[in-house]
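Worksheet: the structure to be examined is printed underneath.
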Amino acid sequence: MSTLLEIEHLETLLHTGDAPIRAVDGLTLSVSPGETFALLGESGCGKSMTALSIMRLLPDVGEIVAGHIRINGTDLLQLPETEMRKIRGKRISMIFQEPMLSLNPVLTIAEQIDEVLKQHLQLSDKAAQARIQELLEQVGIPDAPRRMHDYPFQFSGGMKQRAMIAMALAGEPELLIADEPTTALDVTIQAQVLDLMRQIQQRNRMAILLITHDLGVVAEMAQRVAVMYAGEIVELADRHDFFNRPAHPYSQQLFASLPGKHKRDQALTVIQGNVPSLSQQFTGCRFVDRCNQALDLCRHAIPQWHAVTDQHQVRCHLFNQQVSVSDKLPVNNAHHEVINTAHSAPIAAETNLLQVTGLKVHFPIRKGLFKRAVGHVKAVDGVSLTIVAGKTLALVGESGCGKTTIGKSILQLIQPTAGSVRFKAQELVGLKQSQLRQIRAQFQIIFQDPYSSLNPRMRIIEILQEGMDALNVDKMHHVGTGNQPPSYSREKQIDALLQRVGLPVEVKWRYPHEFSGGQRQRIAIARALAVNPELLICDEPTSALDVSVQAQILNLLKSLQTNLGLAFLFITHNIAVVEYLADEVAVMYLGRIVERGQMDEVTNHPKHPYTQALLSSVPQIKPDPDRIIIHLKGDLPSPATPPSGCHFHPRCPHVMPVCRETYPSASVFSATHTTHCFLYPQEQVSENYEH
């Protein structure tokens, strides 16, 4: 098999601080034409730096100090910048991780794609416009002739990512580097993007270097897999061998960290600690401090490559045939988190903690000199739900369907337009701020991005103390501390909080930027717990985290629920997390809940066509020969102009004439399982929806 991309002993340094960081340290790999090669690993392992090294787009502090990067035999590291510009976008293209930061906000989508065409293809203006339209249609942008002249802010997240793909494909590259191309996307959009990449790959025999930490995406896309850890590759295998027999302890622990239905009653395996600093000189295995099979040999001898099979290699002493059996006895230094059930809070049987009825949040669209309202964005349009004390309700759906708005309006951070929100039988809608403040400690929110929600100028102790001071929690018993006399110091309360969320007490003097993403999320959870809430609204708290860090946060949340009797409204689009954590599921589409029920009822027997499409799109690690992915047409419609009748009808594979006329009433399958769909017998009384 011929080789398209060949990397040999690549070393990339980042000159920051006192010692250089070896971001990529002796990496060797090859990619063949038409092949999808996956580079897998945690954040901070050097995956993105490898991609930027190939493109020669390193930051100012970056430097390639050794190695070769060849594309069809041409060494890219020997080319002048003028020649490299002819290769970027033409022979090698890259899809960056964050499309909003990669697209120019002052140029239209067409102008940005046109830049690539002018650089690499000699097309007339008319031919260029036709090519741009064709590219956008290929990537599934609806109404491409009109939308191509829109600016990036007018596109949804999924559409921005597809515009990035169109731009990357404009020069018809031989190699596409895709850096986390689906991390920020919903499963339905992710399925479309992955399918699109496969089609274009088959049509053009394009190679893909796929950089990701999502094992499901790797299982669906890759022919070969390389696992990267701390700047070097530690395992190299074809897809079948890797998913059936992962060899390196790091790979095995990544699989064990994955949530799922079969792990509901147990704590997830956690890879303790963090990726080591890459500014140090390593004298042994880089994974040794986090490994659950570490040998004494691992600390003072650098492991070499060993063959598991002809196509499967691993960098690990456990596979060294020359090491004696006695030397292979593990020095077990791994820690396993256990969900602590001691001091479990008593939970009243089926006590409704939160009752939401007919909730609507409509934002006015204002135009003209006098800013008159000319319409409304119906972000939430008649939602009813119940959360039981000590239980978890998962709210799932695509981006833009109104999930976060529901969470904020329950907390009265956004004023509802209509409806009722009753917390422990007390109506929250219409309360004055002074009245809300008295009870606000009882319900708190954990935001999606912990870095944006933590004040960068405040130390952790100040962040945690702020809410306690504002809501006057001194007189209450504190989380994890029991009833304490008034002399019990605030600092000791904060120490107890940090220990409860698994952080050492000395971190209270640090600032948010000094922590990893998972640690910042723990601090955000500690801040929410500081005021003794009974309900936590968790808005995508694990969406940007690696699977190993995600496991820590899910274990923590489950432990808190067991010990303190907390109830959760868990907003997410990660179905595996729903199956692991949720008791009940509500599926939301365009401001309305279309299906709800117990977790097993909804995930095992989905009734609404949208729920079926959502579940069918989830990437599977174990291949299922009977699985059929239901591809939805188009994008989520605008909540400013929702479709008549059933909101889902423009994308529904089972649409009937009645679906276009009226919104379906509830169809009841059990005391807990309902949906809104004309495919099933209708109840007589419709819910609180306006037409």
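Here's how to read the names in the structure tokens: chain A, B, ... by the order shown, residue numbers from 1 in each chain, ligand numbers from 1 in the order shown.
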
Per-residue nearest contacts of stretch 349-372 of chain A to stretch 381-395 of chain A (6 Å; only C-alpha atoms) as a Markdown table:
| residue | atom | partner | partner_atom | distance |
| --- | --- | --- | --- | --- |
| A:Glu350 | CA | A:Val388 | CA | 5.9 |
| A:Thr351 | CA | A:Val388 | CA | 5.5 |
| A:Asn352 | CA | A:Val388 | CA | 4.4 |
| A:Leu353 | CA | A:Ala389 | CA | 5.1 |
| A:Leu354 | CA | A:Ile387 | CA | 5.1 |
| A:Gln355 | CA | A:Thr386 | CA | 4.7 |
| A:Val356 | CA | A:Ser384 | CA | 5.0 |
| A:Thr357 | CA | A:Ser384 | CA | 4.3 |
| A:Gly358 | CA | A:Gly382 | CA | 4.3 |
| A:Leu359 | CA | A:Gly382 | CA | 4.8 |
| A:Lys360 | CA | A:Asp381 | CA | 4.6 |

Polymer residues at most 8 Å from A:Pro259, only C-alpha atoms, same-chain spacing of 2 or more positions, as a ChimeraX atom specification
/A:257,261,263,268,551,576-577,579-580

How many Å separate atom CA of A:Thr675 from atom CA of A:Glu661?
17.8 Å

Identify which of the residues A:Ser548, A:Thr16, A:Gln293, A:Ser516 lies closest to A:Ile271, counting only C-alpha atoms when measuring atom-to-atom distances.
A:Ser548

For stretch 112-119 of chain A: contacts at 7 Å, only C-alpha atoms, fewer than 2 positions along chain excluded, given as a short mmCIF file (atom, residue, chain, number, x, y, z; two decimals) with N, CA, C and O atoms, in the first residue's frame:
data_model
loop_
_atom_site.label_atom_id
_atom_site.label_comp_id
_atom_site.auth_asym_id
_atom_site.auth_seq_id
_atom_site.Cartn_x
_atom_site.Cartn_y
_atom_site.Cartn_z
N GLY A 89 -4.53 23.93 1.95
CA GLY A 89 -5.80 24.17 1.27
C GLY A 89 -5.92 23.43 -0.04
O GLY A 89 -7.02 23.18 -0.51
N LEU A 107 -16.44 38.56 6.98
CA LEU A 107 -16.58 38.11 5.59
C LEU A 107 -17.74 37.12 5.50
O LEU A 107 -17.94 36.32 6.42
N THR A 108 -18.46 37.16 4.39
CA THR A 108 -19.52 36.17 4.19
C THR A 108 -18.90 34.80 3.97
O THR A 108 -17.70 34.67 3.68
N ILE A 109 -19.72 33.76 4.12
CA ILE A 109 -19.24 32.39 3.90
C ILE A 109 -18.70 32.24 2.48
O ILE A 109 -17.64 31.66 2.25
N ALA A 110 -19.42 32.83 1.49
CA ALA A 110 -18.98 32.73 0.09
C ALA A 110 -17.62 33.40 -0.10
O ALA A 110 -16.75 32.86 -0.81
N LEU A 121 -7.20 27.56 -7.45
CA LEU A 121 -7.84 27.20 -8.73
C LEU A 121 -8.09 28.46 -9.54
O LEU A 121 -8.58 29.45 -9.01
N GLN A 122 -7.75 28.41 -10.80
CA GLN A 122 -7.98 29.58 -11.67
C GLN A 122 -9.39 29.50 -12.25
O GLN A 122 -9.60 28.98 -13.35
N ALA A 128 -16.57 30.32 -9.99
CA ALA A 128 -16.28 30.28 -8.55
C ALA A 128 -17.57 30.29 -7.75
O ALA A 128 -17.73 29.52 -6.78
N ILE A 132 -18.84 27.39 -5.22
CA ILE A 132 -19.17 27.64 -3.81
C ILE A 132 -20.55 27.09 -3.49
O ILE A 132 -20.75 26.41 -2.47
N MET A 167 -15.13 24.70 3.12
CA MET A 167 -13.93 25.48 2.85
C MET A 167 -12.70 24.57 2.75
O MET A 167 -11.83 24.75 1.90
N ALA A 170 -12.69 22.76 -0.59
CA ALA A 170 -12.75 23.57 -1.81
C ALA A 170 -11.59 23.30 -2.75
O ALA A 170 -11.76 23.29 -3.97
N GLY A 171 -10.41 23.07 -2.19
CA GLY A 171 -9.24 22.82 -3.04
C GLY A 171 -9.04 21.36 -3.41
O GLY A 171 -8.00 20.99 -3.97
#

What lies within 10 Å of A:Phe319 using only C-alpha atoms, ignoring chain neighbours under 3 positions off, as an NGL selection string?
:A and (247-248 or 303-308 or 313-316 or 322-323 or 328)

Keeping only all heavy atoms, write those residues as a short mmCIF file (atom, residue, chain, number, x, y, z; two decimals), in the first residue's frame.
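Output contents, as saved in result.cif:
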data_model
loop_
_atom_site.label_atom_id
_atom_site.label_comp_id
_atom_site.auth_asym_id
_atom_site.auth_seq_id
_atom_site.Cartn_x
_atom_site.Cartn_y
_atom_site.Cartn_z
N ALA A 247 -4.64 -2.89 24.21
CA ALA A 247 -3.49 -3.49 24.89
C ALA A 247 -2.91 -2.60 25.97
O ALA A 247 -2.59 -3.07 27.07
CB ALA A 247 -2.41 -3.84 23.86
N HIS A 248 -2.72 -1.32 25.69
CA HIS A 248 -2.06 -0.44 26.65
C HIS A 248 -3.00 -0.17 27.84
O HIS A 248 -4.20 0.03 27.63
CB HIS A 248 -1.67 0.88 25.98
CG HIS A 248 -0.64 1.65 26.75
ND1 HIS A 248 -0.95 2.42 27.85
CD2 HIS A 248 0.71 1.75 26.58
CE1 HIS A 248 0.15 2.97 28.32
NE2 HIS A 248 1.18 2.58 27.58
N PRO A 303 9.69 2.36 28.17
CA PRO A 303 9.22 1.21 27.39
C PRO A 303 9.45 1.39 25.90
O PRO A 303 9.36 2.50 25.36
CB PRO A 303 7.72 1.14 27.72
CG PRO A 303 7.36 2.52 28.16
CD PRO A 303 8.58 3.11 28.80
N GLN A 304 9.75 0.29 25.22
CA GLN A 304 9.95 0.28 23.77
C GLN A 304 8.71 -0.35 23.11
O GLN A 304 7.83 -0.87 23.77
CB GLN A 304 11.22 -0.51 23.41
CG GLN A 304 12.49 0.01 24.07
CD GLN A 304 12.75 1.48 23.74
OE1 GLN A 304 12.71 1.88 22.58
NE2 GLN A 304 12.99 2.29 24.78
N TRP A 305 8.70 -0.33 21.77
CA TRP A 305 7.57 -0.91 21.04
C TRP A 305 7.62 -2.44 21.10
O TRP A 305 8.69 -3.03 20.95
CB TRP A 305 7.60 -0.47 19.58
CG TRP A 305 7.11 0.93 19.38
CD1 TRP A 305 7.85 2.04 19.11
CD2 TRP A 305 5.75 1.37 19.44
NE1 TRP A 305 7.05 3.16 19.00
CE2 TRP A 305 5.76 2.78 19.20
CE3 TRP A 305 4.53 0.75 19.68
CZ2 TRP A 305 4.59 3.54 19.18
CZ3 TRP A 305 3.37 1.50 19.67
CH2 TRP A 305 3.42 2.88 19.42
N HIS A 306 6.45 -3.05 21.30
CA HIS A 306 6.33 -4.51 21.29
C HIS A 306 5.13 -4.89 20.44
O HIS A 306 4.11 -4.19 20.45
CB HIS A 306 6.16 -5.06 22.71
CG HIS A 306 7.29 -4.68 23.63
ND1 HIS A 306 8.54 -5.23 23.53
CD2 HIS A 306 7.35 -3.76 24.63
CE1 HIS A 306 9.33 -4.69 24.46
NE2 HIS A 306 8.63 -3.79 25.14
N ALA A 307 5.25 -5.99 19.69
CA ALA A 307 4.18 -6.43 18.79
C ALA A 307 3.19 -7.30 19.55
O ALA A 307 3.58 -8.28 20.19
CB ALA A 307 4.77 -7.19 17.61
N VAL A 308 1.90 -6.93 19.47
CA VAL A 308 0.83 -7.79 19.98
C VAL A 308 0.40 -8.74 18.87
O VAL A 308 0.28 -9.95 19.07
CB VAL A 308 -0.37 -6.94 20.45
CG1 VAL A 308 -1.47 -7.83 21.03
CG2 VAL A 308 0.07 -5.91 21.48
N GLN A 313 0.70 -2.79 17.69
CA GLN A 313 1.91 -2.57 18.48
C GLN A 313 1.58 -1.73 19.70
O GLN A 313 0.66 -0.90 19.68
CB GLN A 313 2.95 -1.83 17.65
CG GLN A 313 3.49 -2.63 16.47
CD GLN A 313 4.48 -1.79 15.67
OE1 GLN A 313 4.11 -0.79 15.09
NE2 GLN A 313 5.74 -2.19 15.68
N VAL A 314 2.36 -1.94 20.76
CA VAL A 314 2.12 -1.20 22.00
C VAL A 314 3.45 -0.86 22.65
O VAL A 314 4.41 -1.62 22.58
CB VAL A 314 1.21 -2.02 22.95
CG1 VAL A 314 1.89 -3.31 23.39
CG2 VAL A 314 0.77 -1.20 24.14
N ARG A 315 3.50 0.31 23.28
CA ARG A 315 4.70 0.76 23.98
C ARG A 315 4.46 0.53 25.48
O ARG A 315 3.98 1.41 26.19
CB ARG A 315 4.91 2.25 23.70
CG ARG A 315 6.29 2.79 24.03
CD ARG A 315 6.27 4.31 23.98
NE ARG A 315 6.13 4.84 22.66
CZ ARG A 315 7.13 5.28 21.90
NH1 ARG A 315 8.37 5.24 22.36
NH2 ARG A 315 6.91 5.77 20.70
N CYS A 316 4.78 -0.70 25.96
CA CYS A 316 4.45 -1.06 27.34
C CYS A 316 5.32 -2.24 27.79
O CYS A 316 5.48 -3.22 27.05
CB CYS A 316 2.97 -1.42 27.44
SG CYS A 316 2.44 -1.88 29.10
N GLN A 322 11.17 -10.31 27.46
CA GLN A 322 12.44 -10.51 28.16
C GLN A 322 12.35 -10.15 29.65
O GLN A 322 13.26 -10.40 30.41
CB GLN A 322 13.54 -9.66 27.50
CG GLN A 322 13.80 -10.11 26.07
CD GLN A 322 14.74 -9.16 25.33
OE1 GLN A 322 15.11 -8.12 25.85
NE2 GLN A 322 15.12 -9.55 24.12
N VAL A 323 11.22 -9.56 30.06
CA VAL A 323 11.03 -9.24 31.48
C VAL A 323 10.51 -10.49 32.18
O VAL A 323 9.57 -11.13 31.71
CB VAL A 323 10.04 -8.07 31.65
CG1 VAL A 323 9.77 -7.80 33.12
CG2 VAL A 323 10.61 -6.83 30.98
N LYS A 328 6.89 -8.74 36.54
CA LYS A 328 5.62 -8.27 35.98
C LYS A 328 4.50 -8.20 37.01
O LYS A 328 3.36 -7.92 36.67
CB LYS A 328 5.18 -9.18 34.82
CG LYS A 328 5.98 -8.95 33.56
CD LYS A 328 5.36 -9.67 32.38
CE LYS A 328 6.18 -9.39 31.11
NZ LYS A 328 5.58 -10.02 29.93
#

If you count only C-alpha atoms, which residues fall within 9 Å of A:Phe255, apart from same-chain ones fewer than 4 positions away, as an MDAnalysis selection string?
chainID A and resid 215 243 246 250:251 269 547

Store the residues picked out above, limited to C-alpha atoms, as a PDB file, in the first residue's frame.
ATOM      1  CA  LEU A 215     -14.286   6.480  20.970  1.00  0.00           C
ATOM      2  CA  PHE A 243     -11.795  -2.178  19.973  1.00  0.00           C
ATOM      3  CA  PRO A 246      -6.995  -2.738  23.649  1.00  0.00           C
ATOM      4  CA  TYR A 250      -4.214   3.717  29.212  1.00  0.00           C
ATOM      5  CA  SER A 251      -6.434   2.479  26.358  1.00  0.00           C
ATOM      6  CA  THR A 269     -13.511   3.686  36.516  1.00  0.00           C
ATOM      7  CA  VAL A 547     -14.060  10.659  28.863  1.00  0.00           C
TER       8      VAL A 547
END

From the list A:Ala207, A:Ile446, A:Leu556, A:Leu194, which residue is nearest A:Gln499 when using only C-alpha atoms?
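Ranked by minimum distance to A:Gln499, first place goes to A:Leu556.
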
Identify, on the basis of only C-alpha atoms, every residue whose closest approach to A:Gly430 does not exceed 9 Å; exclude the query and any residue fewer than 6 positions from it along the same chain; express the result as a PyMOL selection string.
chain A and resi 412+415-416

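Here atom CA of A:Leu5 and atom CA of A:Gly41 stand 20.3 Å from one another.
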
Distance criterion (only C-alpha atoms): nearest to A:Asp75 out of A:Leu135, A:Leu4, A:Ala301, A:Ala470:
A:Leu4

Long-range neighbours of A:Pro276 as a compact mmCIF listing (two decimals) with N, CA and C atoms, in the first residue's frame, 12 Å cut-off, only C-alpha atoms, 6 positions minimum in chain:
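Saved the output as out.txt:
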# COMPACT_ATOMS: atom_id res chain seq x y z
N ILE A 21 8.40 23.06 26.48
CA ILE A 21 7.43 21.96 26.58
C ILE A 21 7.56 21.10 25.34
N ARG A 22 7.79 19.80 25.53
CA ARG A 22 7.90 18.86 24.40
C ARG A 22 6.49 18.40 24.02
N ALA A 23 5.78 19.24 23.29
CA ALA A 23 4.38 18.95 22.97
C ALA A 23 4.23 17.71 22.10
N GLU A 42 -6.40 12.13 25.46
CA GLU A 42 -6.94 13.21 26.28
C GLU A 42 -6.44 14.58 25.82
N SER A 43 -7.10 15.63 26.31
CA SER A 43 -6.61 16.99 26.10
C SER A 43 -5.23 17.11 26.73
N GLY A 44 -4.33 17.81 26.04
CA GLY A 44 -2.98 18.01 26.57
C GLY A 44 -2.00 16.94 26.18
N CYS A 45 -2.43 15.97 25.34
CA CYS A 45 -1.53 14.89 24.92
C CYS A 45 -0.69 15.26 23.70
N GLY A 46 -1.05 16.34 22.99
CA GLY A 46 -0.26 16.75 21.82
C GLY A 46 -0.90 16.49 20.49
N TYR A 229 -0.36 9.73 24.17
CA TYR A 229 -0.32 10.11 25.58
C TYR A 229 0.97 10.87 25.87
N ALA A 230 0.84 12.06 26.41
CA ALA A 230 1.98 12.88 26.85
C ALA A 230 3.02 13.05 25.74
N GLY A 231 2.52 13.39 24.53
CA GLY A 231 3.44 13.75 23.46
C GLY A 231 3.93 12.62 22.60
N PHE A 282 11.70 12.52 30.94
CA PHE A 282 11.12 11.28 31.45
C PHE A 282 12.19 10.19 31.53
N CYS A 285 8.14 5.13 32.05
CA CYS A 285 6.88 5.25 31.32
C CYS A 285 6.15 6.52 31.74
N ARG A 286 5.59 7.24 30.79
CA ARG A 286 4.91 8.51 31.09
C ARG A 286 3.57 8.31 31.78
N PHE A 287 3.04 7.11 31.69
CA PHE A 287 1.72 6.83 32.26
C PHE A 287 1.81 6.20 33.66
N VAL A 288 3.02 5.98 34.16
CA VAL A 288 3.23 5.14 35.34
C VAL A 288 2.45 5.62 36.56
N ASP A 289 2.35 6.92 36.80
CA ASP A 289 1.69 7.42 38.01
C ASP A 289 0.17 7.25 37.97
N ARG A 290 -0.39 6.95 36.81
CA ARG A 290 -1.85 6.82 36.69
C ARG A 290 -2.26 5.39 36.33

Could you pull out the strand (DSSP E) residues of stretch 346-499 of chain A, going by DSSP on the backbone, and write them as a PyMOL selection string?
chain A and resi 352-367+372-388+392-396+418-423+426-427+443-446

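For the pair atom CA of A:Leu39 and atom CA of A:Glu232, the interatomic distance is 10.9 Å.
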
Can you list, as number ranges by chain, every residue of stretch 361-606 of chain A that DSSP puts in alpha helix (DSSP H)?
A: 403-410, 433-439, 450-453, 460-470, 490-500, 517-529, 547-564, 575-581, 599-604
